[in-house]
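Chemist: As input, take coords-v1.txt (compact mmCIF, C-alpha atoms):
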```
# COMPACT_ATOMS: atom_id res chain seq x y z
CA MET N 1 0.00 0.00 0.00
CA PRO N 2 1.44 3.45 -0.90
CA PHE N 3 2.58 5.40 2.15
CA GLU N 4 0.37 8.35 1.08
CA LEU N 5 -2.74 6.16 1.46
CA ILE N 6 -1.55 4.73 4.80
CA ILE N 7 -1.01 8.19 6.25
CA GLY N 8 -4.25 9.51 4.74
CA LEU N 9 -6.24 6.70 6.38
CA ARG N 10 -4.51 7.32 9.74
CA TYR N 11 -5.40 11.02 9.55
CA LEU N 12 -9.10 10.09 9.33
CA LYS N 13 -8.91 9.05 12.97
CA ALA N 14 -8.24 12.14 15.01
CA LYS N 15 -6.33 12.28 18.27
CA ARG N 16 -8.19 12.34 21.55
CA LYS N 17 -7.62 16.06 21.93
CA SER N 18 -9.00 16.70 18.42
CA THR N 19 -12.30 14.82 18.64
CA PHE N 20 -13.99 17.78 16.91
CA ILE N 21 -12.22 16.88 13.64
CA SER N 22 -13.55 13.31 13.71
CA ILE N 23 -17.07 14.67 14.30
CA ILE N 24 -16.75 16.94 11.25
CA THR N 25 -15.46 13.97 9.24
CA PHE N 26 -18.52 11.96 10.28
CA ILE N 27 -20.87 14.83 9.40
CA SER N 28 -19.21 15.26 5.98
CA THR N 29 -19.59 11.54 5.25
CA ALA N 30 -23.23 11.64 6.36
CA GLY N 31 -23.83 14.69 4.16
CA VAL N 32 -22.51 12.90 1.08
CA MET N 33 -24.56 9.82 1.98
CA LEU N 34 -27.81 11.81 2.38
CA GLY N 35 -27.24 13.70 -0.86
CA VAL N 36 -26.61 10.54 -2.87
CA MET N 37 -29.55 8.75 -1.22
CA ALA N 38 -31.92 11.65 -1.96
CA LEU N 39 -30.76 11.82 -5.59
CA ILE N 40 -31.30 8.08 -6.16
CA ILE N 41 -34.76 8.07 -4.55
CA VAL N 42 -36.02 11.21 -6.32
CA LEU N 43 -34.70 10.21 -9.75
CA ALA N 44 -36.15 6.70 -9.30
CA VAL N 45 -39.56 8.20 -8.52
CA MET N 46 -39.38 10.66 -11.43
CA THR N 47 -38.30 7.91 -13.85
CA GLY N 48 -41.03 5.63 -12.49
CA PHE N 49 -43.66 8.32 -13.02
CA GLU N 50 -42.44 8.94 -16.57
CA GLU N 51 -42.33 5.25 -17.56
CA ASP N 52 -45.64 4.45 -15.90
CA LEU N 53 -47.30 7.39 -17.61
CA LYS N 54 -45.90 6.31 -20.98
CA GLU N 55 -47.19 2.78 -20.39
CA LYS N 56 -50.67 4.08 -19.54
CA ILE N 57 -50.73 6.38 -22.56
CA LEU N 58 -49.60 3.65 -24.95
CA GLY N 59 -52.00 1.16 -23.37
CA THR N 60 -55.02 3.32 -24.22
CA ASN N 61 -53.89 5.25 -27.28
CA ALA N 62 -52.31 4.18 -30.53
CA HIS N 63 -48.72 5.02 -31.46
CA ILE N 64 -49.79 7.19 -34.41
CA VAL N 65 -53.18 8.72 -35.31
CA VAL N 66 -54.02 9.71 -38.91
CA VAL N 67 -57.02 11.99 -39.58
CA ARG N 68 -58.35 13.91 -42.57
CA ASN N 69 -58.10 17.68 -42.22
CA GLY N 70 -61.50 19.19 -41.34
CA ALA N 71 -63.67 16.28 -42.51
CA PRO N 72 -64.56 12.66 -41.74
CA MET N 73 -62.58 9.95 -43.52
CA GLU N 74 -64.77 8.34 -46.19
CA ASP N 75 -62.29 6.04 -47.92
CA TYR N 76 -60.77 4.77 -44.69
CA ARG N 77 -60.42 1.18 -45.91
CA GLN N 78 -58.20 2.28 -48.79
CA VAL N 79 -56.27 4.57 -46.42
CA MET N 80 -55.70 1.65 -44.03
CA GLU N 81 -54.31 -0.53 -46.82
CA LYS N 82 -51.99 2.26 -47.89
CA LEU N 83 -50.78 2.87 -44.34
CA LYS N 84 -49.99 -0.83 -43.90
CA GLY N 85 -47.37 -0.40 -46.62
CA PHE N 86 -45.25 2.01 -44.57
CA LYS N 87 -42.15 0.45 -43.04
CA GLY N 88 -42.53 -0.17 -39.31
CA VAL N 89 -46.37 -0.23 -39.24
CA THR N 90 -47.60 -3.50 -37.70
CA ALA N 91 -51.37 -2.93 -37.37
CA VAL N 92 -54.08 -0.36 -38.19
CA THR N 93 -57.63 0.19 -36.98
CA PRO N 94 -60.34 2.83 -37.65
CA PHE N 95 -61.95 4.89 -34.88
CA ILE N 96 -64.63 7.49 -34.22
CA TYR N 97 -64.11 10.22 -31.64
CA ASN N 98 -66.80 12.54 -30.27
CA GLN N 99 -68.00 14.17 -27.08
CA VAL N 100 -71.28 13.11 -25.44
CA MET N 101 -73.05 12.99 -22.10
CA LEU N 102 -73.85 9.83 -20.17
CA SER N 103 -76.96 9.72 -17.99
CA SER N 104 -77.56 6.81 -15.64
CA GLY N 105 -80.66 8.21 -13.99
CA LYS N 106 -78.60 8.91 -10.86
CA ASN N 107 -75.82 11.09 -12.23
CA VAL N 108 -74.76 12.78 -15.47
CA SER N 109 -71.22 13.08 -16.81
CA GLY N 110 -69.61 14.50 -19.93
CA VAL N 111 -67.30 11.98 -21.59
CA VAL N 112 -65.39 11.28 -24.78
CA LEU N 113 -67.08 8.49 -26.73
CA ARG N 114 -64.90 6.37 -28.99
CA GLY N 115 -66.18 4.01 -31.62
CA ILE N 116 -63.78 1.12 -32.23
CA ASP N 117 -63.54 -1.95 -34.41
CA VAL N 118 -63.15 -4.62 -31.74
CA ALA N 119 -61.33 -7.12 -33.97
CA THR N 120 -58.58 -4.76 -35.16
CA ASP N 121 -58.41 -2.60 -32.02
CA ARG N 122 -56.97 -5.58 -30.13
CA LEU N 123 -53.96 -5.44 -32.45
CA VAL N 124 -53.32 -1.71 -31.93
CA THR N 125 -54.17 -0.86 -28.28
CA ARG N 126 -54.19 -2.79 -25.01
CA LEU N 127 -57.76 -1.77 -24.12
CA SER N 128 -59.00 -5.39 -24.10
CA LYS N 129 -56.38 -6.25 -21.45
CA SER N 130 -57.59 -3.37 -19.25
CA VAL N 131 -61.15 -4.73 -18.94
CA VAL N 132 -61.68 -5.83 -15.33
CA GLU N 133 -65.42 -6.62 -15.51
CA GLY N 134 -67.49 -7.84 -18.43
CA SER N 135 -65.92 -8.23 -21.87
CA ILE N 136 -65.00 -6.03 -24.80
CA ASP N 137 -66.53 -8.68 -27.11
CA ARG N 138 -69.99 -7.75 -25.83
CA LEU N 139 -69.83 -4.41 -27.65
CA GLU N 140 -70.81 -6.03 -30.95
CA PRO N 141 -74.07 -7.98 -30.22
CA LEU N 142 -77.10 -6.45 -28.53
CA MET N 143 -77.36 -7.04 -24.79
CA GLY N 144 -80.67 -8.10 -23.25
CA GLU N 145 -83.84 -9.61 -24.67
CA GLY N 146 -86.70 -8.18 -26.72
CA ARG N 147 -87.37 -4.52 -26.12
CA ASP N 148 -84.73 -4.41 -23.41
CA SER N 149 -81.91 -5.35 -25.80
CA PHE N 150 -79.50 -2.48 -26.32
CA PRO N 151 -75.99 -2.06 -27.76
CA GLY N 152 -73.00 -2.53 -25.45
CA LEU N 153 -70.97 0.28 -23.90
CA LEU N 154 -67.55 0.10 -22.22
CA VAL N 155 -66.88 2.60 -19.41
CA GLY N 156 -63.90 3.40 -17.18
CA LYS N 157 -63.73 2.32 -13.55
CA GLU N 158 -63.86 5.87 -12.14
CA LEU N 159 -66.69 6.82 -14.52
CA ALA N 160 -68.68 3.75 -13.48
CA LYS N 161 -68.15 4.67 -9.84
CA HIS N 162 -69.35 8.24 -10.45
CA LEU N 163 -72.46 7.15 -12.39
CA GLN N 164 -73.03 4.16 -10.07
CA LEU N 165 -73.00 1.74 -12.99
CA PHE N 166 -72.49 -2.01 -13.06
CA VAL N 167 -72.20 -4.50 -15.90
CA GLY N 168 -75.63 -4.92 -17.47
CA ASP N 169 -77.00 -1.55 -16.30
CA LYS N 170 -78.80 0.72 -18.74
CA VAL N 171 -77.27 4.10 -19.54
CA ASN N 172 -78.38 6.84 -21.96
CA VAL N 173 -75.89 8.41 -24.36
CA ILE N 174 -76.80 11.99 -25.28
CA SER N 175 -75.20 13.96 -28.10
CA PRO N 176 -75.62 17.77 -28.23
CA MET N 177 -75.42 17.57 -32.04
CA GLY N 178 -78.98 16.29 -32.44
CA ASN N 179 -81.75 16.36 -35.03
CA ILE N 180 -83.37 19.48 -36.43
CA THR N 181 -87.11 19.62 -35.62
CA PRO N 182 -89.82 22.31 -35.96
CA LEU N 183 -88.98 23.18 -32.35
CA GLY N 184 -85.30 23.60 -33.14
CA MET N 185 -82.25 21.43 -32.49
CA MET N 186 -83.11 18.45 -30.30
CA PRO N 187 -80.33 16.43 -28.64
CA ARG N 188 -79.86 12.90 -29.92
CA MET N 189 -80.27 10.20 -27.26
CA LYS N 190 -79.85 6.43 -27.39
CA PRO N 191 -79.91 3.77 -24.63
CA PHE N 192 -76.95 1.40 -24.15
CA ARG N 193 -76.06 -1.33 -21.68
CA VAL N 194 -72.78 -1.50 -19.81
CA ALA N 195 -70.89 -4.36 -21.47
CA GLY N 196 -67.74 -3.96 -19.42
CA ILE N 197 -65.66 -1.79 -17.11
CA PHE N 198 -61.99 -1.08 -17.84
CA ASN N 199 -59.23 0.15 -15.57
CA THR N 200 -56.15 1.63 -17.26
CA GLY N 201 -54.74 2.87 -13.95
CA MET N 202 -54.80 6.47 -15.21
CA PHE N 203 -57.51 8.53 -13.55
CA GLU N 204 -57.95 10.91 -16.49
CA TYR N 205 -58.77 8.06 -18.88
CA ASP N 206 -60.83 5.98 -16.44
CA SER N 207 -63.09 8.94 -15.62
CA THR N 208 -63.63 10.48 -19.07
CA LEU N 209 -63.63 7.68 -21.68
CA ALA N 210 -66.35 5.35 -22.98
CA TYR N 211 -66.29 2.92 -25.92
CA VAL N 212 -68.89 1.53 -28.32
CA SER N 213 -68.57 -0.54 -31.47
CA LEU N 214 -67.67 1.26 -34.69
CA GLY N 215 -71.02 0.47 -36.31
CA GLN N 216 -73.01 1.80 -33.34
CA ALA N 217 -70.96 5.02 -33.30
CA GLN N 218 -71.54 5.53 -37.04
CA SER N 219 -75.27 4.99 -36.55
CA PHE N 220 -75.55 7.19 -33.45
CA PHE N 221 -73.63 10.14 -34.92
CA ASP N 222 -75.24 9.64 -38.35
CA LEU N 223 -71.84 9.34 -40.06
CA GLY N 224 -72.75 6.71 -42.64
CA ASP N 225 -69.70 4.72 -43.71
CA THR N 226 -67.14 7.24 -42.48
CA VAL N 227 -64.78 7.42 -39.50
CA THR N 228 -62.86 10.12 -37.65
CA GLY N 229 -59.47 8.59 -38.46
CA VAL N 230 -57.15 5.61 -38.36
CA GLN N 231 -54.88 4.45 -35.52
CA LEU N 232 -51.52 2.78 -36.12
CA LYS N 233 -49.29 0.47 -34.11
CA VAL N 234 -45.57 0.53 -34.95
CA GLU N 235 -42.53 -1.57 -34.12
CA ASP N 236 -40.43 1.12 -32.41
CA VAL N 237 -42.48 3.40 -30.14
CA TYR N 238 -39.56 5.81 -29.61
CA HIS N 239 -39.08 6.59 -33.32
CA THR N 240 -42.68 7.36 -34.23
CA GLY N 241 -41.88 10.99 -35.10
CA GLU N 242 -39.95 10.06 -38.24
CA LEU N 243 -42.74 7.72 -39.39
CA ALA N 244 -45.42 10.38 -38.76
CA ARG N 245 -43.45 12.87 -40.87
CA SER N 246 -43.08 10.28 -43.63
CA ILE N 247 -46.84 9.67 -43.61
CA ASN N 248 -47.55 13.42 -43.81
CA LEU N 249 -45.14 13.70 -46.73
CA ASN N 250 -46.55 10.77 -48.71
CA MET N 251 -50.28 10.85 -47.93
CA GLY N 252 -50.85 14.39 -49.14
CA ARG N 253 -52.19 17.60 -47.63
CA ASP N 254 -55.62 16.16 -46.85
CA PHE N 255 -54.20 13.88 -44.18
CA TYR N 256 -52.45 14.70 -40.93
CA ALA N 257 -50.51 12.20 -38.79
CA ARG N 258 -49.49 12.75 -35.18
CA ASP N 259 -47.50 10.40 -32.99
CA TRP N 260 -48.13 9.74 -29.29
CA MET N 261 -45.14 11.85 -28.19
CA GLN N 262 -46.44 14.85 -30.10
CA MET N 263 -49.95 14.45 -28.67
CA ASN N 264 -48.56 14.26 -25.11
CA ARG N 265 -45.47 16.42 -25.54
CA ASN N 266 -46.42 18.93 -22.83
CA ILE N 267 -46.62 16.44 -19.98
CA LEU N 268 -43.62 14.40 -21.22
CA PHE N 269 -41.51 17.56 -21.53
CA ALA N 270 -42.61 18.70 -18.07
CA LEU N 271 -41.60 15.37 -16.52
CA LYS N 272 -38.21 15.37 -18.24
CA THR N 273 -37.53 18.99 -17.26
CA GLU N 274 -38.59 18.36 -13.67
CA LYS N 275 -36.24 15.37 -13.49
CA VAL N 276 -33.28 17.47 -14.65
CA VAL N 277 -34.14 20.32 -12.28
CA MET N 278 -34.48 17.96 -9.31
CA PHE N 279 -31.09 16.44 -10.13
CA ILE N 280 -29.48 19.90 -10.14
CA ILE N 281 -31.20 21.01 -6.91
CA LEU N 282 -30.41 17.83 -4.98
CA THR N 283 -26.79 17.93 -6.16
CA LEU N 284 -26.51 21.03 -3.96
CA ILE N 285 -26.78 18.70 -0.94
CA VAL N 286 -23.62 16.93 -2.12
CA LEU N 287 -21.98 20.34 -2.67
CA VAL N 288 -22.75 21.33 0.91
CA ALA N 289 -21.18 18.05 2.07
CA ALA N 290 -18.17 18.85 -0.12
CA PHE N 291 -17.66 22.10 1.83
CA GLY N 292 -17.64 19.94 4.95
CA ILE N 293 -14.90 17.77 3.43
CA ALA N 294 -12.86 20.86 2.54
CA SER N 295 -13.31 22.25 6.08
CA THR N 296 -12.20 18.94 7.58
CA LEU N 297 -9.07 18.88 5.45
CA PHE N 298 -8.19 22.49 6.31
CA MET N 299 -8.38 21.65 10.01
CA VAL N 300 -6.35 18.46 9.54
CA VAL N 301 -3.68 20.43 7.66
CA MET N 302 -3.50 22.95 10.50
CA GLU N 303 -3.23 20.17 13.08
CA LYS N 304 -0.69 18.13 11.10
CA ASN N 305 1.63 20.96 10.02
CA ARG N 306 4.49 19.49 12.11
CA ASP N 307 3.93 16.04 10.56
CA ILE N 308 3.95 17.57 7.10
CA ALA N 309 7.21 19.40 7.83
CA ILE N 310 8.86 16.19 9.12
CA LEU N 311 7.69 14.22 6.06
CA LYS N 312 9.15 16.88 3.78
CA SER N 313 12.41 16.90 5.76
CA MET N 314 12.59 13.12 5.24
CA GLY N 315 12.28 13.56 1.48
CA ALA N 316 8.53 13.54 0.78
CA THR N 317 7.70 15.67 -2.24
CA GLY N 318 4.94 18.24 -2.52
CA SER N 319 2.95 15.92 -4.77
CA SER N 320 3.13 13.16 -2.15
CA ILE N 321 1.84 15.51 0.55
CA MET N 322 -0.94 16.58 -1.79
CA LYS N 323 -1.85 12.93 -2.46
CA ILE N 324 -2.19 12.26 1.29
CA PHE N 325 -4.95 14.82 1.72
CA VAL N 326 -6.59 14.15 -1.64
CA LEU N 327 -6.83 10.46 -0.73
CA GLU N 328 -8.17 11.33 2.72
CA GLY N 329 -10.95 13.46 1.20
CA LEU N 330 -11.68 10.84 -1.46
CA VAL N 331 -12.07 8.15 1.20
CA ILE N 332 -14.69 10.33 2.92
CA GLY N 333 -16.47 10.90 -0.42
CA VAL N 334 -16.33 7.25 -1.51
CA ILE N 335 -17.58 5.93 1.86
CA GLY N 336 -20.42 8.46 1.84
CA THR N 337 -21.27 7.60 -1.77
CA VAL N 338 -21.30 3.83 -1.12
CA LEU N 339 -23.52 4.24 1.95
CA GLY N 340 -25.78 6.64 0.02
CA VAL N 341 -26.13 4.24 -2.93
CA ALA N 342 -26.91 1.31 -0.62
CA SER N 343 -29.51 3.21 1.43
CA GLY N 344 -30.96 4.90 -1.67
CA LEU N 345 -31.45 1.60 -3.50
CA LEU N 346 -32.95 0.03 -0.38
CA VAL N 347 -35.59 2.78 -0.16
CA ALA N 348 -36.19 3.18 -3.91
CA LEU N 349 -36.75 -0.54 -4.48
CA ASN N 350 -39.22 -0.74 -1.56
CA LEU N 351 -40.82 2.69 -1.84
CA GLU N 352 -44.45 1.66 -2.25
CA PRO N 353 -44.64 -0.48 0.94
CA ILE N 354 -42.73 2.22 2.84
CA ILE N 355 -45.25 4.88 1.69
CA SER N 356 -48.14 2.56 2.65
CA ILE N 357 -46.74 2.10 6.16
CA ILE N 358 -46.24 5.86 6.59
CA GLN N 359 -49.81 6.54 5.40
CA LYS N 360 -51.21 3.99 7.87
CA ILE N 361 -49.22 5.50 10.74
CA THR N 362 -50.11 9.13 9.93
CA GLY N 363 -53.58 8.48 8.53
CA GLN N 364 -52.82 10.81 5.62
CA ASN N 365 -53.17 10.00 1.92
CA PHE N 366 -50.11 11.46 0.15
CA PHE N 367 -51.04 10.05 -3.25
CA ARG N 368 -54.39 11.14 -4.67
CA LYS N 369 -55.31 9.57 -8.01
CA ASP N 370 -57.25 12.60 -9.26
CA ILE N 371 -54.12 14.75 -8.91
CA TYR N 372 -51.34 12.41 -10.05
CA TYR N 373 -53.40 10.47 -12.67
CA LEU N 374 -51.89 7.16 -11.53
CA ASP N 375 -53.18 4.43 -9.21
CA ARG N 376 -49.88 3.47 -7.56
CA PHE N 377 -46.57 4.99 -6.49
CA PRO N 378 -44.09 4.05 -9.23
CA SER N 379 -40.36 3.78 -8.65
CA LEU N 380 -37.87 2.66 -11.28
CA VAL N 381 -34.13 2.51 -10.64
CA VAL N 382 -32.08 3.04 -13.80
CA PRO N 383 -28.48 1.74 -13.49
CA SER N 384 -27.12 4.60 -15.60
CA ASP N 385 -28.68 7.14 -13.19
CA VAL N 386 -27.04 5.41 -10.21
CA VAL N 387 -23.66 5.44 -11.98
CA LEU N 388 -24.07 9.13 -12.89
CA ILE N 389 -24.97 10.05 -9.30
CA SER N 390 -22.05 8.05 -7.87
CA VAL N 391 -19.52 9.54 -10.29
CA THR N 392 -20.86 13.06 -9.66
CA ALA N 393 -20.61 12.66 -5.86
CA VAL N 394 -17.06 11.28 -5.99
CA LEU N 395 -16.01 13.97 -8.48
CA ILE N 396 -17.39 16.76 -6.27
CA SER N 397 -15.59 15.23 -3.26
CA PHE N 398 -12.35 15.09 -5.27
CA ILE N 399 -12.63 18.74 -6.33
CA ALA N 400 -13.27 19.74 -2.70
CA THR N 401 -9.93 18.18 -1.64
CA LEU N 402 -7.72 19.99 -4.17
CA TYR N 403 -7.29 23.38 -2.53
CA PRO N 404 -6.60 22.15 1.06
CA ALA N 405 -4.21 19.51 -0.32
CA TRP N 406 -2.45 22.13 -2.46
CA GLN N 407 -2.05 24.38 0.57
CA ALA N 408 -0.51 21.49 2.51
CA SER N 409 1.93 20.71 -0.33
CA ARG N 410 3.22 24.34 -0.30
CA MET N 411 4.06 24.30 3.42
CA LEU N 412 7.76 25.01 4.15
CA PRO N 413 9.40 22.70 6.74
CA ALA N 414 11.41 25.52 8.31
CA GLU N 415 8.32 27.64 8.88
CA ALA N 416 6.36 24.74 10.41
CA LEU N 417 9.22 23.67 12.76
CA ARG N 418 10.46 27.13 13.77
CA TYR N 419 8.70 27.17 17.15
CA GLU N 420 8.84 23.41 17.86
```
Would you write the structure of this file as structure tokens?

Modeler:
Amino acid sequence: MPFELIIGLRYLKAKRKSTFISIITFISTAGVMLGVMALIIVLAVMTGFEEDLKEKILGTNAHIVVVRNGAPMEDYRQVMEKLKGFKGVTAVTPFIYNQVMLSSGKNVSGVVLRGIDVATDRLVTRLSKSVVEGSIDRLEPLMGEGRDSFPGLLVGKELAKHLQLFVGDKVNVISPMGNITPLGMMPRMKPFRVAGIFNTGMFEYDSTLAYVSLGQAQSFFDLGDTVTGVQLKVEDVYHTGELARSINLNMGRDFYARDWMQMNRNILFALKTEKVVMFIILTLIVLVAAFGIASTLFMVVMEKNRDIAILKSMGATGSSIMKIFVLEGLVIGVIGTVLGVASGLLVALNLEPIISIIQKITGQNFFRKDIYYLDRFPSLVVPSDVVLISVTAVLISFIATLYPAWQASRMLPAEALRYE
């Protein structure tokens, strides 16, 4: 072992009369540990939120949506065949999109009604896997017998709770764009039966979306054989922008394609920006700890000035003296970083049960679904983030050691030993 490292390790343990230095060393190590732990936990939560939100968005929406500018799509079958020819497109399905009101007799709610082709929608979205009660297949046939047989309707879990609906219940769908009568515009209304209840895990979708079959939507909105647009599923969900631009270029001005990132760019950009800002802010904790390391080294240099002078008299170079204190500071930084990584991973990987225990003890709900849009507390540890945090903490600790170590290396033996 190099003598610089041996001496640096010995200097970490202060003499009995200098217990204050060992306390500062402990506080500096704890500061680095807390900073690294906080960074790992916060970035894990932010990454978990981002990935969970992406999963919910892609589970309900298609990767790319193609619509006709300002008009329904009449020749959608030909458009679907043409879109299948683009490289990377794996499945297509038509859809109808409109706003309506649902009335259950107990409550009324404004929702977005989507008409889907059940057979092809399975290939594009994961809606069928989100159904927790009933079945998406019951959208096609009429539900009930005789006069009580009505088309099927799929509603979200939160919407069903608000309207007090269960599978098989009757619900009226009301469109403000109704029929023109001698008395004026009359809203269009049609009864449906709840064929199923889905739960995407995203409050915004579960409380504002309802689905019917494509044929029933065309009939209800009096669209004939037209649709609102076509949804696409692609191979690579993170390179949909290039494909959307290619579709816009080749399909002509009448058509407009948007990918899922473009449709949700505001919230995705906000999450990414918040993650970067939190990393910068929490790095300040490590910087504060770095000042503690620098203060510790300054005090050690003042205490060990006689030792430094003797080492130089025995032939130790300035660079060797500098290495002693750099290594001492790095040991503090590395120990704090290792402890911070261990404690941060322990908390981040078990965050949901920890939050549940805290909520039970305090009786407070820190995670409301109507605010955060999600039904659980996500946490995802990314190895590259852990490496970046560890390297940053050690680097800051290293930089903090340079000036005190440089000051020690410039000490003259004669000056230090003059009054000894």

Chemist: Restricting the calculation to only C-alpha atoms: of N:Gly318, N:Gly156, N:Gly344, N:Pro404, which residue gets closest to Val42 in chain N?

Modeler: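 Of the candidates, the smallest distance to Val42 in chain N is held by N:Gly344.
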
Chemist: Could you tell me how far CA of Leu223 in chain N sits from CA of Pro72 in chain N, in Å to one decimal place?

Modeler: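 Pair CA of Pro72 in chain N / CA of Leu223 in chain N returns 8.2 Å.
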
Chemist: Using only C-alpha atoms, which protein or nucleic acid residues come within 6 Å of Phe192 in chain N? Drop anything in the same chain fewer than 3 positions from it, and give the result as a list in words.

Modeler: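 Near Phe192 in chain N, the qualifying residues are Phe150, Pro151, Gly152, Lys170 and Val171 of chain N.
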
Chemist: Here is a test: counting only C-alpha atoms, which residue of N:Ser295, N:Leu271, N:Ser319, N:Ile354 is nearest to Glu51 in chain N?

Modeler: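 Smallest separation from Glu51 in chain N among the options: N:Leu271.
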
Chemist: Which polymer residues have any atom within 7 Å of an atom of Thr228 in chain N, counting all atoms listed in the file, with same-chain residues fewer than 2 positions away left out, as a list in words?

Modeler: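 Surrounding residues, per the criterion: Val67, Pro72, Met73, Phe95, Ile96 and Tyr97 of chain N.
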
Chemist: Given only C-alpha atoms as the basis, pick out the residue of N:Thr226, N:Leu287, N:Ser384, N:Lys275 nearest to Asp75 in chain N.

Modeler: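 Result for the nearest residue to Asp75 in chain N: N:Thr226.
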
Chemist: Here's a test: counting all atoms listed in the file, identify every protein, DNA and RNA residue with an atom at most 9 Å from (-81.8, 8.1, -17.2) in the file's coordinate frame, and state them as number ranges by chain.

Modeler: N: 102-108, 170-172, 191

Chemist: Give me, as an mmCIF file with C-alpha atoms, in the frame of the given file, all polymer residues having an atom no more than 8 Å from Lys157 in chain N, counting all atoms listed in the file and skipping those fewer than 6 positions away in the same chain.

Modeler:
```cif
data_model
loop_
_atom_site.group_PDB
_atom_site.id
_atom_site.type_symbol
_atom_site.label_atom_id
_atom_site.label_comp_id
_atom_site.auth_asym_id
_atom_site.auth_seq_id
_atom_site.Cartn_x
_atom_site.Cartn_y
_atom_site.Cartn_z
ATOM 1 C CA ILE N 197 -65.660 -1.790 -17.110
ATOM 2 C CA PHE N 198 -61.990 -1.080 -17.840
ATOM 3 C CA ASN N 199 -59.230 0.150 -15.570
ATOM 4 C CA ASP N 206 -60.830 5.980 -16.440
ATOM 5 C CA SER N 207 -63.090 8.940 -15.620
#
```

Chemist: Near Ser390 in chain N, within 12 Å and counting only C-alpha atoms, which residues show up once chain neighbours fewer than 4 positions away are dropped, as a ChimeraX atom specification?

Modeler: /N:32-33,35-37,39-40,283,286,333-342,344,383-386,394-397

Chemist: Can you measure CA of Arg10 in chain N to CA of Val300 in chain N for me? One decimal in Å is fine.

Modeler: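 These atoms are spaced 11.3 Å apart.
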
Chemist: Go through N:Phe325, N:Ala294, N:Arg193, N:Ser109 and flag the residue nearest His162 in chain N, using all atoms listed in the file for the distances.

Modeler: N:Ser109

Chemist: For Ile267 in chain N, list every protein, DNA or RNA residue within 12 Å, evaluated using only C-alpha atoms, and leave out those in the same chain fewer than 4 positions away; present the list as a list in words.

Modeler: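 My list of contacting residues is Phe49, Glu50, Leu53, Lys54, Ile57, Trp260, Met261, Gln262, Met263, Leu271, Lys272, Thr273, Glu274, Tyr372 and Tyr373 of chain N.
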
Chemist: Select, from N:Leu163, N:Val381, N:Val100, N:Leu113, the residue with the minimum atom-to-atom distance to Pro176 in chain N, counting all atoms listed in the file.

Modeler: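 Once distances to Pro176 in chain N are computed over all atoms listed in the file, the minimum belongs to N:Val100.
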
Chemist: Could you please determine the separation between CA of Ile64 in chain N and CA of Leu232 in chain N in Å, to one decimal place?

Modeler: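 Taking CA of Ile64 in chain N as the start and CA of Leu232 in chain N as the end point, the length is 5.0 Å.
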
Chemist: For Ile174 in chain N, which residue out of N:Val111, N:Ser213, N:Asp222, N:Val301 is the nearest one, using all atoms listed in the file?

Modeler: N:Val111

Chemist: Centre and edge lengths, as JSON, for the axis-aligned box enclosing every listed atom of range 382-385 of chain N with 6 Å of padding on each of the six sides, in Å to one decimal?

Modeler:
```
{"center_x": -29.6, "center_y": 4.4, "center_z": -14.4, "size_x": 17.0, "size_y": 17.4, "size_z": 14.4}
```
